[in-house]
>>> print(open('final-v5.cif').read())   # mmCIF, C-alpha atoms
data_structure
loop_
_atom_site.label_atom_id
_atom_site.label_comp_id
_atom_site.auth_asym_id
_atom_site.auth_seq_id
_atom_site.Cartn_x
_atom_site.Cartn_y
_atom_site.Cartn_z
CA ARG A 1 0.00 0.00 0.00
CA ASP A 2 1.04 3.58 -0.59
CA PRO A 3 2.02 4.87 2.89
CA GLU A 4 0.94 8.37 1.88
CA GLY A 5 -2.38 7.26 0.47
CA PRO A 6 -5.54 6.05 2.17
CA PRO A 7 -4.74 2.70 3.83
CA LEU A 8 -8.02 1.12 2.83
CA GLY A 9 -7.47 1.70 -0.92
CA GLY A 10 -10.17 2.11 -3.55
CA PRO A 11 -13.45 0.34 -4.28
CA SER A 12 -13.49 -3.38 -5.01
CA GLY A 13 -15.05 -3.10 -8.47
CA LEU A 14 -17.77 -5.53 -7.43
CA GLU A 15 -21.47 -4.64 -7.64
CA ASP A 16 -21.96 -1.03 -6.50
CA LEU A 17 -23.93 -1.04 -3.23
CA SER A 18 -24.28 2.76 -2.98
CA SER A 19 -28.00 2.82 -3.68
CA ARG A 20 -28.76 -0.77 -2.70
CA LEU A 21 -28.07 -0.87 1.03
CA PRO A 22 -31.25 -1.61 3.02
CA ASP A 23 -32.08 0.18 6.25
CA CYS A 24 -30.67 -1.29 9.43
CA PRO A 25 -33.20 -3.76 10.94
CA ARG A 26 -35.58 -2.59 13.63
CA THR A 27 -34.55 -3.31 17.20
CA ARG A 28 -36.26 -6.39 18.58
CA TRP A 29 -37.23 -5.62 22.16
CA ASP A 30 -37.79 -8.46 24.61
CA SER A 31 -37.02 -6.80 27.92
CA GLU A 32 -40.06 -7.31 30.11
CA GLU A 33 -40.01 -9.30 33.36
CA VAL A 34 -36.30 -10.04 33.44
CA ASP A 35 -35.46 -11.88 36.68
CA ILE A 36 -32.08 -10.28 37.29
CA GLU A 37 -31.08 -12.42 40.27
CA SER A 38 -31.96 -15.60 38.39
CA VAL A 39 -30.07 -14.58 35.25
CA GLN A 40 -27.01 -13.56 37.25
CA ALA A 41 -27.07 -16.86 39.13
CA GLN A 42 -27.29 -18.75 35.84
CA TYR A 43 -24.34 -16.89 34.32
CA ARG A 44 -22.26 -17.23 37.50
CA GLY A 45 -22.81 -20.95 37.43
CA GLU A 46 -21.73 -21.52 33.85
CA GLU A 47 -18.53 -20.89 31.96
CA ILE A 48 -18.85 -17.97 29.57
CA PRO A 49 -16.30 -18.48 26.79
CA ASP A 50 -13.80 -15.75 25.96
CA VAL A 51 -13.31 -14.20 22.55
CA LEU A 52 -12.15 -16.83 20.07
CA THR A 53 -8.85 -15.81 18.47
CA ILE A 54 -7.77 -17.43 15.23
CA GLU A 55 -4.24 -16.90 13.91
CA ALA A 56 -4.73 -16.84 10.16
CA LYS A 57 -1.19 -17.89 9.31
CA GLU A 58 -1.57 -21.01 11.46
CA ALA A 59 -5.18 -21.94 10.72
CA ILE A 60 -5.49 -21.12 7.02
CA GLU A 61 -3.78 -23.14 4.34
CA GLY A 62 -4.19 -21.98 0.78
CA ASP A 63 -6.65 -19.35 -0.39
CA GLU A 64 -8.11 -17.30 2.49
CA LEU A 65 -11.47 -16.65 0.82
CA GLU A 66 -11.93 -20.33 0.03
CA TRP A 67 -11.16 -21.14 3.68
CA LEU A 68 -13.75 -18.61 4.83
CA ARG A 69 -16.40 -20.04 2.51
CA ALA A 70 -15.67 -23.60 3.62
CA ASN A 71 -15.76 -22.70 7.31
CA ARG A 72 -18.37 -19.95 7.47
CA GLU A 73 -21.11 -22.00 9.13
CA ASP A 74 -18.67 -23.19 11.77
CA LEU A 75 -17.43 -19.61 12.27
CA LYS A 76 -21.00 -18.34 12.68
CA ALA A 77 -21.71 -21.04 15.27
CA LYS A 78 -18.56 -20.08 17.15
CA LEU A 79 -19.54 -16.43 16.92
CA LEU A 80 -22.80 -17.19 18.71
CA LYS A 81 -20.97 -19.22 21.34
CA HIS A 82 -18.09 -16.83 22.01
CA GLY A 83 -19.78 -13.52 21.23
CA ALA A 84 -16.83 -12.42 19.08
CA VAL A 85 -14.32 -14.04 16.76
CA LEU A 86 -10.99 -12.32 16.11
CA ILE A 87 -9.08 -13.43 13.01
CA LYS A 88 -5.55 -12.05 13.19
CA GLY A 89 -3.02 -11.71 10.41
CA MET A 90 -5.31 -12.19 7.43
CA GLU A 91 -3.90 -10.72 4.21
CA THR A 92 -7.11 -10.36 2.22
CA SER A 93 -8.73 -7.90 4.65
CA LYS A 94 -5.79 -5.46 4.61
CA SER A 95 -7.65 -3.32 2.07
CA GLY A 96 -11.24 -2.16 1.82
CA ALA A 97 -11.78 -4.16 -1.36
CA GLY A 98 -10.47 -7.27 0.37
CA PHE A 99 -12.65 -6.66 3.41
CA ARG A 100 -15.72 -6.65 1.20
CA ARG A 101 -14.67 -10.01 -0.26
CA VAL A 102 -14.19 -11.31 3.28
CA TYR A 103 -17.69 -10.41 4.47
CA GLU A 104 -19.20 -11.75 1.25
CA ALA A 105 -17.29 -15.01 1.68
CA LEU A 106 -18.82 -15.25 5.17
CA ASP A 107 -22.26 -14.54 3.66
CA LEU A 108 -22.87 -11.63 6.02
CA ASP A 109 -25.75 -9.31 5.18
CA VAL A 110 -24.82 -5.65 4.83
CA CYS A 111 -27.05 -2.69 5.67
CA LEU A 112 -27.00 1.00 6.50
CA ASP A 113 -25.61 1.99 9.89
CA PRO A 114 -28.26 2.43 12.63
CA ILE A 115 -27.40 6.15 12.86
CA HIS A 116 -26.76 6.63 9.14
CA THR A 117 -29.29 9.45 8.83
CA SER A 118 -27.57 11.49 11.56
CA GLY A 119 -24.46 12.13 9.49
CA LEU A 120 -22.23 11.09 12.40
CA ARG A 121 -21.01 7.99 10.61
CA LYS A 122 -19.60 8.44 7.12
CA PHE A 123 -18.66 5.90 4.51
CA ALA A 124 -15.07 4.88 3.96
CA ILE A 125 -16.01 3.14 0.70
CA GLU A 126 -19.69 3.65 -0.06
CA GLN A 127 -19.68 1.35 -3.10
CA ASP A 128 -18.68 -1.53 -0.83
CA GLY A 129 -20.88 -0.63 2.15
CA ILE A 130 -17.88 0.03 4.43
CA TYR A 131 -18.18 2.74 7.06
CA GLU A 132 -15.43 4.66 8.78
CA GLU A 133 -15.41 4.48 12.56
CA VAL A 134 -16.41 7.68 14.39
CA ASN A 135 -13.53 10.04 13.70
CA LYS A 136 -14.49 13.57 14.69
CA PRO A 137 -11.95 16.02 16.15
CA GLY A 138 -14.41 17.01 18.87
CA LEU A 139 -14.47 13.43 20.17
CA ARG A 140 -10.72 12.87 20.38
CA GLN A 141 -10.73 13.29 24.15
CA HIS A 142 -13.31 10.54 24.55
CA TYR A 143 -12.74 6.80 24.45
CA ILE A 144 -14.82 5.46 21.61
CA GLY A 145 -13.80 2.00 20.52
CA LEU A 146 -15.17 -0.03 17.66
CA HIS A 147 -18.69 -0.96 18.65
CA ASN A 148 -21.98 -2.37 17.48
CA GLU A 149 -24.15 0.69 17.06
CA SER A 150 -27.58 0.22 18.61
CA THR A 151 -30.49 2.57 19.21
CA THR A 152 -33.99 2.22 20.56
CA ASN A 153 -35.26 1.91 17.00
CA ARG A 154 -32.51 0.13 15.05
CA THR A 155 -29.91 -2.52 15.84
CA ALA A 156 -27.51 -4.60 13.78
CA ALA A 157 -27.36 -8.00 15.47
CA PHE A 158 -23.82 -8.58 14.21
CA GLY A 159 -20.97 -6.33 13.13
CA ALA A 160 -17.71 -6.89 11.27
CA PHE A 161 -14.73 -4.63 11.93
CA VAL A 162 -11.26 -4.36 10.46
CA CYS A 163 -8.22 -2.21 11.22
CA PHE A 164 -6.37 -0.99 8.13
CA MET A 165 -3.41 0.62 9.91
CA PRO A 166 -1.74 0.65 13.33
CA ALA A 167 -2.36 3.43 15.83
CA THR A 168 -0.37 6.52 14.87
CA GLU A 169 0.25 7.81 18.40
CA GLY A 170 0.68 4.62 20.41
CA GLY A 171 -1.85 2.28 21.93
CA GLY A 172 -4.42 0.96 19.50
CA ASP A 173 -5.58 -1.91 21.70
CA PHE A 174 -9.26 -2.72 22.05
CA PHE A 175 -11.12 -4.75 24.60
CA VAL A 176 -14.37 -6.63 24.06
CA ALA A 177 -17.24 -5.71 26.35
CA ASP A 178 -19.02 -9.04 26.78
CA GLY A 179 -22.69 -8.37 27.55
CA LYS A 180 -23.15 -11.62 29.47
CA LYS A 181 -20.12 -10.99 31.63
CA ILE A 182 -21.16 -7.41 32.34
CA LEU A 183 -24.62 -8.56 33.41
CA ARG A 184 -23.09 -11.37 35.48
CA ASP A 185 -20.56 -9.19 37.30
CA MET A 186 -22.52 -6.00 37.98
CA ASP A 187 -23.73 -5.30 41.50
CA THR A 188 -27.24 -6.76 41.68
CA ALA A 189 -28.76 -3.78 43.49
CA VAL A 190 -27.29 -1.32 41.00
CA LEU A 191 -28.46 -3.38 38.05
CA LYS A 192 -31.97 -3.66 39.48
CA GLU A 193 -32.12 0.09 40.00
CA LEU A 194 -31.02 0.76 36.41
CA TYR A 195 -33.54 -1.77 35.12
CA ASP A 196 -36.41 -0.36 37.18
CA LYS A 197 -35.67 3.32 36.54
CA LYS A 198 -34.46 2.80 32.94
CA ILE A 199 -31.72 4.91 31.38
CA ARG A 200 -31.53 7.90 29.06
CA ILE A 201 -28.66 8.53 26.66
CA SER A 202 -27.55 11.95 25.48
CA VAL A 203 -26.74 11.66 21.79
CA SER A 204 -25.80 15.27 21.05
CA ASN A 205 -24.57 18.29 23.04
CA LEU A 206 -25.03 21.75 21.53
CA ASP A 207 -23.03 24.45 23.31
CA PHE A 208 -22.97 27.28 20.79
CA PHE A 209 -26.23 29.05 21.77
CA LYS A 210 -24.94 30.73 24.92
CA PRO A 211 -23.49 33.88 23.27
CA ILE A 212 -26.82 34.44 21.54
CA ILE A 213 -29.35 33.92 24.32
CA GLN A 214 -27.45 34.39 27.60
CA ASP A 215 -28.76 36.73 30.28
CA ARG A 216 -27.14 40.13 29.63
CA GLY A 217 -29.07 41.98 32.31
CA LEU A 218 -30.33 44.58 29.84
CA PHE A 219 -33.86 44.54 31.23
CA GLY A 220 -33.20 43.43 34.77
CA ASP A 221 -35.05 40.32 35.93
CA TYR A 222 -37.10 40.32 32.73
CA ASP A 223 -34.11 38.84 30.88
CA LYS A 224 -33.73 35.95 33.31
CA GLU A 225 -37.41 35.31 33.94
CA VAL A 226 -38.89 35.82 30.46
CA LEU A 227 -36.49 36.39 27.56
CA VAL A 228 -33.97 33.62 28.23
CA PRO A 229 -36.59 30.90 29.02
CA ARG A 230 -38.58 31.90 25.92
CA ALA A 231 -35.47 31.79 23.72
CA LYS A 232 -34.56 28.37 25.11
CA GLU A 233 -38.08 27.06 24.53
CA ASP A 234 -38.18 28.32 20.93
CA LEU A 235 -34.70 26.99 20.11
CA ALA A 236 -35.42 23.58 21.62
CA LYS A 237 -38.60 23.33 19.54
CA ALA A 238 -36.84 24.45 16.35
CA ILE A 239 -33.98 22.00 16.78
CA GLY A 240 -36.37 19.23 17.81
CA ASP A 241 -38.48 19.77 14.69
CA THR A 242 -35.62 20.02 12.20
CA VAL A 243 -32.46 18.29 13.44
CA ALA A 244 -33.70 15.56 15.78
CA PRO A 245 -35.67 13.66 13.08
CA LYS A 246 -32.40 13.03 11.22
CA PHE A 247 -31.31 10.65 14.00
CA ASP A 248 -34.18 8.17 13.56
CA MET A 249 -34.49 8.12 17.35
CA ASP A 250 -37.12 9.18 19.86
CA LEU A 251 -35.46 12.29 21.31
CA GLU A 252 -36.30 15.06 23.73
CA MET A 253 -34.47 18.39 23.60
CA VAL A 254 -33.42 19.37 27.14
CA TRP A 255 -31.50 22.40 28.44
CA GLY A 256 -28.86 22.00 31.14
CA ALA A 257 -29.49 18.34 31.93
CA ASP A 258 -25.84 17.76 32.91
CA GLY A 259 -25.20 21.19 34.44
CA ALA A 260 -22.55 22.07 31.85
CA ASN A 261 -22.07 25.44 30.14
CA GLU A 262 -23.97 27.25 32.91
CA GLY A 263 -27.24 25.70 31.79
CA TYR A 264 -26.90 26.83 28.19
CA ARG A 265 -26.13 23.37 26.80
CA LEU A 266 -28.97 21.97 24.69
CA GLN A 267 -28.95 18.17 24.72
CA ALA A 268 -30.77 15.70 22.50
CA ILE A 269 -31.65 12.90 24.91
CA GLU A 270 -33.24 9.55 24.11
CA LEU A 271 -36.46 8.65 25.87
CA PRO A 272 -36.16 6.18 28.79
CA GLU A 273 -35.18 2.67 27.74
CA THR A 274 -34.21 -0.52 29.52
CA PRO A 275 -30.51 -1.40 29.85
CA ILE A 276 -31.26 -5.11 29.46
CA ASN A 277 -32.64 -6.78 26.36
CA ARG A 278 -32.79 -10.47 25.51
CA HIS A 279 -30.85 -11.48 22.42
CA PRO A 280 -33.25 -12.22 19.53
#
>>> encode(input="final-v5.cif", output="structure tokens")
Amino acid sequence: RDPEGPPLGGPSGLEDLSSRLPDCPRTRWDSEEVDIESVQAQYRGEEIPDVLTIEAKEAIEGDELEWLRANREDLKAKLLKHGAVLIKGMETSKSGAGFRRVYEALDLDVCLDPIHTSGLRKFAIEQDGIYEEVNKPGLRQHYIGLHNESTTNRTAAFGAFVCFMPATEGGGDFFVADGKKILRDMDTAVLKELYDKKIRISVSNLDFFKPIIQDRGLFGDYDKEVLVPRAKEDLAKAIGDTVAPKFDMDLEMVWGADGANEGYRLQAIELPETPINRHP
């Protein structure tokens, strides 16, 4: 690969998927009447397998794509058992075009990202249905690893990820958050409280309104009691009517929910949802 060029390379030349990708499937909710103590006891009494790691150079003889086709049903069964399968050292997937051939050899369905309409996730190679991981300058101070995107409305049951180049500033390691192990190991009382109260997730923080609508004291208490609240109400409605629908989520626009920016932060927050859902 050209070290100065994009590490993933160009399109594969296979059928163009740009206008053929279906929407991400709807989330299948099955979260009622979860007996948390019983589920935790079950998981604590059984062995939950770790991520299955396959060294390609040791396991694969001959053509990699042929090996994937011959073993795909076994790999899918192991994926269900282990939760994740890591194939290390494969040559074919070192380019975007090769990665497409890999997921086609595994007969994996491809679809739009769950938050595709938000514009937060952009394509790396649209013709091959390959997205770039979240890569925004404003998020560089946050830890955001490769993850299965999931919302109240849309969820991809499986995800395939590939790294085209090593970390440029050190690190680069990822850990796998195993849902069963998290549920097993969490404090029971805390988990019950989260399940009973449900959770809300802030999906967007807008901090740029403060210079426009802040209390300047021009009209005394009238600014604080009337003008600022009215401006906040109108802005929240305008953003909720125009921007929020792009996320394909059920959102509420809330001012100052986290106390940041002196109450002038407008947050798009998902409606309450359960933190536990049975796998479909």
>>> closest_residue(input="final-v5.cif", among="A:Gly159, A:Gly256, A:Pro166, A:Gly83", to="His279 of chain A", atoms="only C-alpha atoms")
A:Gly83
>>> resolve_selection(input="final-v5.cif", expression="the PyMOL selection byres ((chain A and resi 121) around 9)", output="ChimeraX atom specification")
/A:113,115-120,122-123,131-135
>>> resolve_selection(input="final-v5.cif", expression="the PyMOL selection byres ((chain A and resi 162) around 12)", output="VMD selection string")
chain A and resid 7 to 8 85 to 100 102 to 103 124 130 to 133 146 to 147 159 to 161 163 to 166 174
>>> closest_residue(input="final-v5.cif", among="A:Ile125, A:Ala257, A:Ala244, A:Ala177", to="Ser12 of chain A", atoms="all atoms listed in the file")
A:Ile125
>>> resolve_selection(input="final-v5.cif", expression="the PyMOL selection byres ((chain A and resi 178-182) around 12)", output="number ranges by chain")
A: 36, 39-51, 81-84, 147-148, 175-177, 183-188, 191, 275-279
>>> write_last_selection(input="final-v5.cif", atoms="C-alpha atoms", output="mmCIF file, in the frame of the given file")
data_model
loop_
_atom_site.group_PDB
_atom_site.id
_atom_site.type_symbol
_atom_site.label_atom_id
_atom_site.label_comp_id
_atom_site.auth_asym_id
_atom_site.auth_seq_id
_atom_site.Cartn_x
_atom_site.Cartn_y
_atom_site.Cartn_z
ATOM 1 C CA ILE A 36 -32.080 -10.280 37.290
ATOM 2 C CA VAL A 39 -30.070 -14.580 35.250
ATOM 3 C CA GLN A 40 -27.010 -13.560 37.250
ATOM 4 C CA ALA A 41 -27.070 -16.860 39.130
ATOM 5 C CA GLN A 42 -27.290 -18.750 35.840
ATOM 6 C CA TYR A 43 -24.340 -16.890 34.320
ATOM 7 C CA ARG A 44 -22.260 -17.230 37.500
ATOM 8 C CA GLY A 45 -22.810 -20.950 37.430
ATOM 9 C CA GLU A 46 -21.730 -21.520 33.850
ATOM 10 C CA GLU A 47 -18.530 -20.890 31.960
ATOM 11 C CA ILE A 48 -18.850 -17.970 29.570
ATOM 12 C CA PRO A 49 -16.300 -18.480 26.790
ATOM 13 C CA ASP A 50 -13.800 -15.750 25.960
ATOM 14 C CA VAL A 51 -13.310 -14.200 22.550
ATOM 15 C CA LYS A 81 -20.970 -19.220 21.340
ATOM 16 C CA HIS A 82 -18.090 -16.830 22.010
ATOM 17 C CA GLY A 83 -19.780 -13.520 21.230
ATOM 18 C CA ALA A 84 -16.830 -12.420 19.080
ATOM 19 C CA HIS A 147 -18.690 -0.960 18.650
ATOM 20 C CA ASN A 148 -21.980 -2.370 17.480
ATOM 21 C CA PHE A 175 -11.120 -4.750 24.600
ATOM 22 C CA VAL A 176 -14.370 -6.630 24.060
ATOM 23 C CA ALA A 177 -17.240 -5.710 26.350
ATOM 24 C CA LEU A 183 -24.620 -8.560 33.410
ATOM 25 C CA ARG A 184 -23.090 -11.370 35.480
ATOM 26 C CA ASP A 185 -20.560 -9.190 37.300
ATOM 27 C CA MET A 186 -22.520 -6.000 37.980
ATOM 28 C CA ASP A 187 -23.730 -5.300 41.500
ATOM 29 C CA THR A 188 -27.240 -6.760 41.680
ATOM 30 C CA LEU A 191 -28.460 -3.380 38.050
ATOM 31 C CA PRO A 275 -30.510 -1.400 29.850
ATOM 32 C CA ILE A 276 -31.260 -5.110 29.460
ATOM 33 C CA ASN A 277 -32.640 -6.780 26.360
ATOM 34 C CA ARG A 278 -32.790 -10.470 25.510
ATOM 35 C CA HIS A 279 -30.850 -11.480 22.420
#
>>> closest_residue(input="final-v5.cif", among="A:Glu33, A:Glu270, A:Glu66, A:Glu61", to="Leu251 of chain A", atoms="all atoms listed in the file")
A:Glu270
>>> residues_around(input="final-v5.cif", residues="Arg28 of chain A", least_positions_apart="2", cutoff="10 Å", atoms="all atoms listed in the file", output="MDAnalysis selection string")
chainID A and resid 25:26 30:31 152:155 157 277:280
>>> closest_residue(input="final-v5.cif", among="A:Glu225, A:Asp207, A:Asp250, A:Asp234", to="Glu262 of chain A", atoms="all atoms listed in the file")
A:Asp207
>>> closest_residue(input="final-v5.cif", among="A:Pro229, A:Cys111, A:Asp16, A:Ile201", to="Met249 of chain A", atoms="all atoms listed in the file")
A:Ile201
